[in-house]
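Encoded as structure tokens, the structure appears first; notes follow it.
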Amino acid sequence: VVGGIAYSGYVLWDARHPPLQAPFDPEKKTIVILGSGWGSTSLLKSIDTDLYNVVVVSPRNYFLFTPLLPSCTVGTVDIRSIVEPTRFITRHKTREVKVFEAECTEIDPVNKTVTIADNSEIKGSVNTSTIPYDYLVIGVGATNQTFGIKGVQEHALFLKEVWDAQKIRTRLMDCIETAGFPEQAPEEIDRLLHMIVVGGGPTGVEYAAELHDFLVEDLTTWYPELAGKLKITLIEALPNVLPAFSKQLIDYTEASFKEQNITIHTKTMVKEVHDKDITIQQADGSLAKMPYGLLVWATGNTSRPVVRNLMSKFPATQKVGRGLVVDDWMRMEGSDDIYAIGDASASKYAPTAQVASQQGKYLARLFSQLALRDHLEQDIAAMTNEEEKQSKLRRLAKVRNVKPFHYSHQGSLAYIGSDKAIADLPWGSGNVASGGVATYVFWRSVYLSNLFSLRNRSLVATDWIKKNVLGRDISR
Ligand code: FAD
Ligand code: NAD
């Protein structure tokens with residue numbers, strides 16, 4: 001009986017699709033949300049569609065759980081397990097949310113419109129459009145920082161999107177299979193099996209860790225003659241990896257990488273990238289060449305072209321840099337109706353999923369308050385009774401007093417290979433730093449519970465079991 005009730009409940013909950021939702025209301029204001037990542041999806045989840053019309057524009061029609069993306073590069077987790085279609089989220093809304101798979105190419109803050117372009121490979125008869133907004137939320141994230149270093153765009157692979165993980169996996173298997181080609185020259189085998197990761201931030205470290213696990217747990221079995229020749233090198237410009245973590249955890253990670261035969265070159269800068277080697281500047285200032293088969297570039301973020309273009313329209317308040325300058329209410333400096341969240345904004349916080357999702361949730365509350373403010377203002381303007389008017393004015397004063405965004409840091413976690421993870425947690429009166437296998441179990445449980453849906457959680461749990469029982473898939 002309980003199961004039957006639960007199932008009926010699920011069917012009813014699941015059944016809300018656009019035909020059953022309220023249509024757009026011309027009387028309501030329209031919020032256009034750019035992006036379907038951490039910030040935008042968190043806003044979308046919480047926004048009250050009774051109060052607004054909502055339009056989402058994003059070149060990908062899904063949310064991606066980035067913390068598990070490094071695991072997809074070697075097949076520990078399947079990509080499909082960590083994405084959630086945006087329409088699975090909007091179907092739970094009371095009012096229809098329009099979702100356009102398109103890239104925003106230009107923002108016109110004067111006419112309050114955005115230009116969008118169809119980014120799919122198949123083109124229809126119309127490929128661009130203009131959408132008006134009352135409020136615009138920019139959650140377009142950031143793009144890969146290359147510092148303009150020659151050859152990076154052409155030869156390196158990045159790790160930000162689903163297709164990046166797929167490219168890395170294909171390239172890795174290509175390198176291994178080509179190294180195994182009959183009579184391959186020994187120096188060419190060494191080059192092909194040299195995997196270089198540039199950038200010792202969490203992305204670079206987690207990727208190197210996953211690659212190591214793949215090598216030890218799978219390649220040694222399937223390619224015994226090659227596995228011993230595969231080398232992993234991590235290059236970091238600063239004196240140590242993971243600069244945002246505590247000294248104890250940095251030391252722990254570096255020692256753990258040493259044990260895992262991952263070579264770390266700190267105080268080393270990549271100066272130029274060619275198709276088969278990179279030029280590095282070592283700590284003593286000397287230049288050297290390093291051949292590679294696979295090069296993964298993870299040196300952080302920079303703002304996207306659409307954001308840079310918008311910055312140039314606000315020369316007094318926006319300086320072209322890491323992201324859009326915002327006030328404590330996530331409102332873009334220089335505008336009253338444009339908001340920026342997550343990696344697209346340049347606030348005092350690090351560009352992390354945690355920050356982006358809290359900012360998205362905050363904006364949903366702020367928009368509810370703005371709707372109430374507008375409603376009260378309209379009511380008051382139409383009121384004749386002075387006593388009632390005074391009471392509403394007092395309420396309006398409270399509503400107008402919107403609290404600024406407050407970030408609550410839950411700690412930082414990173415996977416470092418061989419079933420070990422590190423955790424910097426702000427618990428109790430100070431920070432708790434921990435590393436090792438128990439932390440790895442904690443890491444897994446945190447990621448599992450933070451995954452977007454029950455569907456994602458069950459898929460990832462199955463992937464982990466599958467990997468342990470059957471090993472990873474080594475096909476290209
Ligand atoms: P994103 O999540 O990047 O989303 C941006 C969205 O905008 C995407 O949907 C994109 O398609 C869309 N978009 C792009 N261009 C346009 C355009 N022109 N018009 C419209 N839409 C556009 N952070 C953590 O806190 N913990 C972690 O463990 C962690 N692990 C990570 C692992 C990896 C491999 C990476 C790359 C990052 C990780 N991060 C982690 C950082 C975290 O993913 C980012 O800080 C977070 O994604 C930022 O959220 P966002 O919404 O600003 O941008
Ligand atoms: P990052 O900015 O954190 O690290 C990039 C690293 O590359 C820096 O340490 C920098 O010194 C180095 N670097 C820059 N130029 C270089 C060069 N030419 N040669 C060698 N090294 C160079 O970038 P990231 O690791 O991609 O992380 C981006 C954001 O996402 C951060 O805020 C991070 O906290 C977050 N993130 C978090 C996790 C996690 O919590 N597990 C995982 C991935 C990303």
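The way I read the labels, and the way they are meant: chains A, B, ... in the order of the structure tokens, residue 1 as the first residue of every chain, and ligand 1 as the first ligand shown, with later ones counted on from there.
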Using only C-alpha atoms and all ligand atoms, which residues of chain A come within 8 Å of ligand 1, and what is the closest atom pair for each, with the distance in Å to one decimal? Give it as JSON lines, sorted by chain and residue number.
{"residue": "A:Leu34", "atom": "CA", "partner": "ligand 1", "partner_atom_place_in_ligand_line": "20 (C)", "distance": 4.5}
{"residue": "A:Gly35", "atom": "CA", "partner": "ligand 1", "partner_atom_place_in_ligand_line": "7 (O)", "distance": 3.3}
{"residue": "A:Ser36", "atom": "CA", "partner": "ligand 1", "partner_atom_place_in_ligand_line": "9 (O)", "distance": 3.6}
{"residue": "A:Gly37", "atom": "CA", "partner": "ligand 1", "partner_atom_place_in_ligand_line": "4 (O)", "distance": 3.2}
{"residue": "A:Trp38", "atom": "CA", "partner": "ligand 1", "partner_atom_place_in_ligand_line": "51 (O)", "distance": 3.7}
{"residue": "A:Gly39", "atom": "CA", "partner": "ligand 1", "partner_atom_place_in_ligand_line": "51 (O)", "distance": 3.6}
{"residue": "A:Ser40", "atom": "CA", "partner": "ligand 1", "partner_atom_place_in_ligand_line": "51 (O)", "distance": 5.5}
{"residue": "A:Thr41", "atom": "CA", "partner": "ligand 1", "partner_atom_place_in_ligand_line": "51 (O)", "distance": 7.3}
{"residue": "A:Val57", "atom": "CA", "partner": "ligand 1", "partner_atom_place_in_ligand_line": "20 (C)", "distance": 5.3}
{"residue": "A:Ser58", "atom": "CA", "partner": "ligand 1", "partner_atom_place_in_ligand_line": "21 (N)", "distance": 3.8}
{"residue": "A:Pro59", "atom": "CA", "partner": "ligand 1", "partner_atom_place_in_ligand_line": "11 (O)", "distance": 4.9}
{"residue": "A:Arg60", "atom": "CA", "partner": "ligand 1", "partner_atom_place_in_ligand_line": "11 (O)", "distance": 4.9}
{"residue": "A:Asn61", "atom": "CA", "partner": "ligand 1", "partner_atom_place_in_ligand_line": "9 (O)", "distance": 7.6}
{"residue": "A:Tyr62", "atom": "CA", "partner": "ligand 1", "partner_atom_place_in_ligand_line": "9 (O)", "distance": 7.0}
{"residue": "A:Phe63", "atom": "CA", "partner": "ligand 1", "partner_atom_place_in_ligand_line": "9 (O)", "distance": 6.4}
{"residue": "A:Leu64", "atom": "CA", "partner": "ligand 1", "partner_atom_place_in_ligand_line": "2 (O)", "distance": 6.9}
{"residue": "A:Phe65", "atom": "CA", "partner": "ligand 1", "partner_atom_place_in_ligand_line": "43 (O)", "distance": 7.3}
{"residue": "A:Thr66", "atom": "CA", "partner": "ligand 1", "partner_atom_place_in_ligand_line": "32 (C)", "distance": 4.6}
{"residue": "A:Pro67", "atom": "CA", "partner": "ligand 1", "partner_atom_place_in_ligand_line": "30 (N)", "distance": 3.5}
{"residue": "A:Leu68", "atom": "CA", "partner": "ligand 1", "partner_atom_place_in_ligand_line": "32 (C)", "distance": 6.5}
{"residue": "A:Leu69", "atom": "CA", "partner": "ligand 1", "partner_atom_place_in_ligand_line": "34 (C)", "distance": 5.1}
{"residue": "A:Pro70", "atom": "CA", "partner": "ligand 1", "partner_atom_place_in_ligand_line": "34 (C)", "distance": 5.4}
{"residue": "A:Ala102", "atom": "CA", "partner": "ligand 1", "partner_atom_place_in_ligand_line": "20 (C)", "distance": 6.7}
{"residue": "A:Glu103", "atom": "CA", "partner": "ligand 1", "partner_atom_place_in_ligand_line": "19 (N)", "distance": 4.0}
{"residue": "A:Cys104", "atom": "CA", "partner": "ligand 1", "partner_atom_place_in_ligand_line": "19 (N)", "distance": 3.7}
{"residue": "A:Thr105", "atom": "CA", "partner": "ligand 1", "partner_atom_place_in_ligand_line": "18 (N)", "distance": 5.6}
{"residue": "A:Ile116", "atom": "CA", "partner": "ligand 1", "partner_atom_place_in_ligand_line": "19 (N)", "distance": 7.5}
{"residue": "A:Ile138", "atom": "CA", "partner": "ligand 1", "partner_atom_place_in_ligand_line": "20 (C)", "distance": 7.9}
{"residue": "A:Gly139", "atom": "CA", "partner": "ligand 1", "partner_atom_place_in_ligand_line": "51 (O)", "distance": 5.1}
{"residue": "A:Val140", "atom": "CA", "partner": "ligand 1", "partner_atom_place_in_ligand_line": "7 (O)", "distance": 3.2}
{"residue": "A:Gly141", "atom": "CA", "partner": "ligand 1", "partner_atom_place_in_ligand_line": "53 (O)", "distance": 3.3}
{"residue": "A:Ala142", "atom": "CA", "partner": "ligand 1", "partner_atom_place_in_ligand_line": "3 (O)", "distance": 6.1}
{"residue": "A:Leu159", "atom": "CA", "partner": "ligand 1", "partner_atom_place_in_ligand_line": "34 (C)", "distance": 5.6}
{"residue": "A:Lys160", "atom": "CA", "partner": "ligand 1", "partner_atom_place_in_ligand_line": "36 (C)", "distance": 4.0}
{"residue": "A:Glu161", "atom": "CA", "partner": "ligand 1", "partner_atom_place_in_ligand_line": "36 (C)", "distance": 7.2}
{"residue": "A:Pro202", "atom": "CA", "partner": "ligand 1", "partner_atom_place_in_ligand_line": "30 (N)", "distance": 7.2}
{"residue": "A:Thr203", "atom": "CA", "partner": "ligand 1", "partner_atom_place_in_ligand_line": "34 (C)", "distance": 5.1}
{"residue": "A:Glu206", "atom": "CA", "partner": "ligand 1", "partner_atom_place_in_ligand_line": "34 (C)", "distance": 7.8}
{"residue": "A:Tyr207", "atom": "CA", "partner": "ligand 1", "partner_atom_place_in_ligand_line": "34 (C)", "distance": 7.8}
{"residue": "A:Arg304", "atom": "CA", "partner": "ligand 1", "partner_atom_place_in_ligand_line": "15 (N)", "distance": 6.9}
{"residue": "A:Pro305", "atom": "CA", "partner": "ligand 1", "partner_atom_place_in_ligand_line": "18 (N)", "distance": 7.6}
{"residue": "A:Val306", "atom": "CA", "partner": "ligand 1", "partner_atom_place_in_ligand_line": "18 (N)", "distance": 5.8}
{"residue": "A:Ile341", "atom": "CA", "partner": "ligand 1", "partner_atom_place_in_ligand_line": "52 (O)", "distance": 6.0}
{"residue": "A:Gly342", "atom": "CA", "partner": "ligand 1", "partner_atom_place_in_ligand_line": "52 (O)", "distance": 3.3}
{"residue": "A:Asp343", "atom": "CA", "partner": "ligand 1", "partner_atom_place_in_ligand_line": "52 (O)", "distance": 3.8}
{"residue": "A:Ala344", "atom": "CA", "partner": "ligand 1", "partner_atom_place_in_ligand_line": "52 (O)", "distance": 5.6}
{"residue": "A:Ser345", "atom": "CA", "partner": "ligand 1", "partner_atom_place_in_ligand_line": "52 (O)", "distance": 7.7}
{"residue": "A:Ala350", "atom": "CA", "partner": "ligand 1", "partner_atom_place_in_ligand_line": "45 (O)", "distance": 7.7}
{"residue": "A:Pro351", "atom": "CA", "partner": "ligand 1", "partner_atom_place_in_ligand_line": "45 (O)", "distance": 4.4}
{"residue": "A:Thr352", "atom": "CA", "partner": "ligand 1", "partner_atom_place_in_ligand_line": "45 (O)", "distance": 3.1}
{"residue": "A:Ala353", "atom": "CA", "partner": "ligand 1", "partner_atom_place_in_ligand_line": "25 (O)", "distance": 3.7}
{"residue": "A:Gln354", "atom": "CA", "partner": "ligand 1", "partner_atom_place_in_ligand_line": "25 (O)", "distance": 4.4}
{"residue": "A:Val355", "atom": "CA", "partner": "ligand 1", "partner_atom_place_in_ligand_line": "25 (O)", "distance": 6.9}
{"residue": "A:Ala356", "atom": "CA", "partner": "ligand 1", "partner_atom_place_in_ligand_line": "49 (O)", "distance": 5.0}
{"residue": "A:Ser357", "atom": "CA", "partner": "ligand 1", "partner_atom_place_in_ligand_line": "51 (O)", "distance": 7.1}
{"residue": "A:Ser412", "atom": "CA", "partner": "ligand 1", "partner_atom_place_in_ligand_line": "26 (N)", "distance": 6.9}
{"residue": "A:Leu413", "atom": "CA", "partner": "ligand 1", "partner_atom_place_in_ligand_line": "28 (O)", "distance": 6.4}
{"residue": "A:Ala414", "atom": "CA", "partner": "ligand 1", "partner_atom_place_in_ligand_line": "28 (O)", "distance": 6.5}
Selected residues written out, C-alpha atoms, as a compact mmCIF listing (two decimals), in the first residue's frame:
# COMPACT_ATOMS: atom_id res chain seq x y z
CA LEU A 34 22.12 32.81 -19.13
CA GLY A 35 23.75 29.42 -18.55
CA SER A 36 22.74 26.06 -17.11
CA GLY A 37 25.66 25.50 -14.76
CA TRP A 38 25.95 25.60 -10.98
CA GLY A 39 24.78 29.18 -10.46
CA SER A 40 21.96 29.31 -13.01
CA THR A 41 20.59 25.86 -12.15
CA VAL A 57 19.53 30.40 -22.61
CA SER A 58 22.45 28.01 -22.61
CA PRO A 59 24.56 26.31 -25.30
CA ARG A 60 24.05 23.01 -23.46
CA ASN A 61 20.59 21.82 -22.47
CA TYR A 62 21.78 20.19 -19.25
CA PHE A 63 23.46 20.75 -15.90
CA LEU A 64 26.91 19.19 -15.45
CA PHE A 65 28.18 18.05 -12.04
CA THR A 66 31.78 19.25 -12.59
CA PRO A 67 33.35 17.72 -9.43
CA LEU A 68 33.11 14.27 -11.02
CA LEU A 69 34.25 15.33 -14.49
CA PRO A 70 37.89 14.24 -13.91
CA ALA A 102 21.72 28.68 -27.76
CA GLU A 103 24.68 30.86 -26.97
CA CYS A 104 24.16 34.44 -25.90
CA THR A 105 26.40 36.43 -28.21
CA ILE A 116 21.16 34.50 -28.99
CA ILE A 138 24.56 36.15 -16.17
CA GLY A 139 25.66 32.68 -15.11
CA VAL A 140 27.79 31.82 -18.14
CA GLY A 141 30.77 30.64 -16.10
CA ALA A 142 34.28 31.21 -17.41
CA LEU A 159 38.89 19.90 -18.74
CA LYS A 160 35.75 21.96 -18.30
CA GLU A 161 32.96 20.44 -20.37
CA PRO A 202 42.46 21.09 -7.92
CA THR A 203 41.54 20.34 -11.57
CA GLU A 206 42.38 15.45 -9.63
CA TYR A 207 43.00 14.65 -13.29
CA ARG A 304 34.08 34.62 -21.71
CA PRO A 305 33.85 36.86 -24.84
CA VAL A 306 30.20 37.79 -24.18
CA ILE A 341 26.79 34.92 -10.39
CA GLY A 342 29.41 32.19 -10.18
CA ASP A 343 32.55 32.17 -12.31
CA ALA A 344 31.17 34.95 -14.53
CA SER A 345 31.38 37.37 -11.60
CA ALA A 350 36.88 31.76 -5.23
CA PRO A 351 35.31 30.56 -8.47
CA THR A 352 33.78 27.37 -7.10
CA ALA A 353 30.57 25.40 -7.48
CA GLN A 354 29.79 26.02 -3.82
CA VAL A 355 29.88 29.79 -4.26
CA ALA A 356 27.94 29.71 -7.55
CA SER A 357 25.14 27.55 -6.17
CA SER A 412 37.14 21.93 0.21
CA LEU A 413 37.65 18.36 -0.93
CA ALA A 414 39.88 16.87 -3.59
Contacts of Thr439 of chain A at 10 Å or less, counting only C-alpha atoms, minus same-chain residues fewer than 6 places along, as a list of chain:residue names?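 Counting only C-alpha atoms, the residues come to A:Leu413, A:Ala414, A:Tyr415, A:Asp419, A:Lys420, A:Ala421, A:Ile422, A:Ala423, A:Ala433, A:Ser445.
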Give me a file of those residues, with N, CA and C atoms, as a PDB file, in the first residue's frame.
ATOM      1  N   LEU A 413      37.272  19.772  -0.816  1.00  0.00           N
ATOM      2  CA  LEU A 413      37.650  18.360  -0.926  1.00  0.00           C
ATOM      3  C   LEU A 413      38.352  18.147  -2.258  1.00  0.00           C
ATOM      4  N   ALA A 414      39.290  17.218  -2.296  1.00  0.00           N
ATOM      5  CA  ALA A 414      39.881  16.867  -3.595  1.00  0.00           C
ATOM      6  C   ALA A 414      40.337  15.421  -3.563  1.00  0.00           C
ATOM      7  N   TYR A 415      40.160  14.734  -4.707  1.00  0.00           N
ATOM      8  CA  TYR A 415      40.608  13.352  -4.830  1.00  0.00           C
ATOM      9  C   TYR A 415      42.072  13.359  -5.255  1.00  0.00           C
ATOM     10  N   ASP A 419      42.615   5.746  -3.981  1.00  0.00           N
ATOM     11  CA  ASP A 419      41.538   5.751  -2.984  1.00  0.00           C
ATOM     12  C   ASP A 419      41.835   6.659  -1.795  1.00  0.00           C
ATOM     13  N   LYS A 420      42.466   7.807  -2.097  1.00  0.00           N
ATOM     14  CA  LYS A 420      42.725   8.784  -1.022  1.00  0.00           C
ATOM     15  C   LYS A 420      42.198  10.163  -1.443  1.00  0.00           C
ATOM     16  N   ALA A 421      41.717  10.883  -0.462  1.00  0.00           N
ATOM     17  CA  ALA A 421      41.241  12.245  -0.752  1.00  0.00           C
ATOM     18  C   ALA A 421      41.730  13.170   0.353  1.00  0.00           C
ATOM     19  N   ILE A 422      41.665  14.478   0.099  1.00  0.00           N
ATOM     20  CA  ILE A 422      42.011  15.442   1.153  1.00  0.00           C
ATOM     21  C   ILE A 422      40.786  16.330   1.422  1.00  0.00           C
ATOM     22  N   ALA A 423      40.703  16.811   2.648  1.00  0.00           N
ATOM     23  CA  ALA A 423      39.569  17.661   3.026  1.00  0.00           C
ATOM     24  C   ALA A 423      40.032  18.775   3.942  1.00  0.00           C
ATOM     25  N   ALA A 433      41.937  19.567   8.855  1.00  0.00           N
ATOM     26  CA  ALA A 433      42.540  19.079   7.620  1.00  0.00           C
ATOM     27  C   ALA A 433      42.682  17.574   7.736  1.00  0.00           C
ATOM     28  N   SER A 445      30.862  10.060  -0.173  1.00  0.00           N
ATOM     29  CA  SER A 445      29.499  10.238   0.339  1.00  0.00           C
ATOM     30  C   SER A 445      29.033  11.682   0.129  1.00  0.00           C
TER      31      SER A 445
END
For a test of reading the model, state the distance in Å between atom CA of Ile250 of chain A and atom CA of Leu215 of chain A, rounded to one decimal.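 Result for atom CA of Ile250 of chain A versus atom CA of Leu215 of chain A: 23.1 Å, one decimal.
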Tell me, in Å to one decimal, how far atom CA of Thr146 of chain A is from atom CA of Ala298 of chain A.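 Atom CA of Ala298 of chain A lies 8.8 Å from atom CA of Thr146 of chain A.
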Got a sec: who's within 8 Å of segment 453-457 of chain A, counting only C-alpha atoms, leaving out chain neighbours fewer than 4 positions off, as a list in words?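 My reading of the contact set: Ser81, Ile82, Val83, Glu84, Leu448, Ser449 and Ala461 of chain A.
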Taking only segment 148-321 of chain A into account, list the residues labelled strand (DSSP E or B) by DSSP (computed from the backbone), as an NGL selection string. :A and (157 or 194-198 or 231-235 or 262-265 or 269-273 or 277-281 or 287-291 or 294-297 or 301-302)
Find, counting only C-alpha atoms and all ligand atoms, the residue in A:Ala340, A:Leu459, A:Val110, A:Val197 that gets nearest to ligand 2. A:Val197
Distance of atom CA of Glu272 of chain A from atom CA of Ile149 of chain A, expressed in Å to one decimal place: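 These two atoms are separated by 5.9 Å.
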Given only C-alpha atoms and all ligand atoms as the counted atoms, nearest of A:Tyr252, A:Trp427, A:Phe181, A:Phe245 to ligand 2: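 Between A:Tyr252, A:Trp427, A:Phe181, A:Phe245, the residue approaching ligand 2 most closely is A:Phe245.
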So, with only C-alpha atoms as the atoms that count, which of A:His155, A:Gly199, A:Phe367, A:Leu219 lies closest to Leu136 of chain A?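 The answer is A:Phe367, which sits nearest to Leu136 of chain A.
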Looking at only C-alpha atoms and all ligand atoms, which of A:Leu363, A:Met383, A:Leu324, A:Ala208 is the one that sits closest to ligand 2?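 Using only C-alpha atoms and all ligand atoms, the shortest distance to ligand 2 belongs to A:Ala208.
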Tell me which protein, DNA and RNA residues are within 10 Å of Val399 of chain A, counting only C-alpha atoms, leaving out same-chain ones fewer than 5 positions away, and put them as a PyMOL selection string. chain A and resi 366+368-374+376+393-394
Those residues with N, CA and C atoms, as a compact mmCIF listing (two decimals), in the first residue's frame please?
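Done, and the output landed in result_9.txt:
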# COMPACT_ATOMS: atom_id res chain seq x y z
N LEU A 366 16.11 36.94 -3.50
CA LEU A 366 16.13 38.39 -3.79
C LEU A 366 15.02 38.75 -4.78
N SER A 368 12.23 37.19 -5.26
CA SER A 368 10.92 37.11 -4.60
C SER A 368 10.65 38.41 -3.86
N GLN A 369 11.70 38.92 -3.21
CA GLN A 369 11.54 40.16 -2.45
C GLN A 369 11.27 41.34 -3.39
N LEU A 370 11.95 41.34 -4.54
CA LEU A 370 11.73 42.43 -5.50
C LEU A 370 10.29 42.40 -6.03
N ALA A 371 9.75 41.19 -6.23
CA ALA A 371 8.37 41.07 -6.73
C ALA A 371 7.39 41.60 -5.69
N LEU A 372 7.68 41.28 -4.42
CA LEU A 372 6.82 41.76 -3.34
C LEU A 372 6.90 43.29 -3.24
N ARG A 373 8.11 43.81 -3.41
CA ARG A 373 8.30 45.27 -3.38
C ARG A 373 7.45 45.94 -4.47
N ASP A 374 7.55 45.40 -5.70
CA ASP A 374 6.79 45.98 -6.82
C ASP A 374 5.29 45.94 -6.53
N LEU A 376 3.78 45.82 -3.58
CA LEU A 376 3.42 46.78 -2.52
C LEU A 376 3.41 48.21 -3.06
N LEU A 393 3.44 51.15 3.99
CA LEU A 393 4.75 51.80 3.78
C LEU A 393 5.82 51.22 4.71
N ARG A 394 5.38 50.89 5.95
CA ARG A 394 6.32 50.28 6.91
C ARG A 394 6.77 48.91 6.39
I'd like the contact shell of Asp78 of chain A - 8 Å cut-off, only C-alpha atoms, skipping same-chain residues fewer than 4 positions apart - returned as a list in words.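 That gives Cys72, Ile82, Val460 and Asp463 of chain A.
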Nearby residues (only C-alpha atoms) at most 12 Å from Val320 of chain A, same-chain spacing under 3 positions excluded, as a PyMOL selection string: chain A and resi 302-317+323-325+344-346
Using DSSP on the backbone coordinates, identify the residues of segment 75-203 of chain A assigned to helix (DSSP H, G or I); present them as an NGL selection string. :A and (79-82 or 86-90 or 152-155 or 162-179 or 186-192 or 202-203)
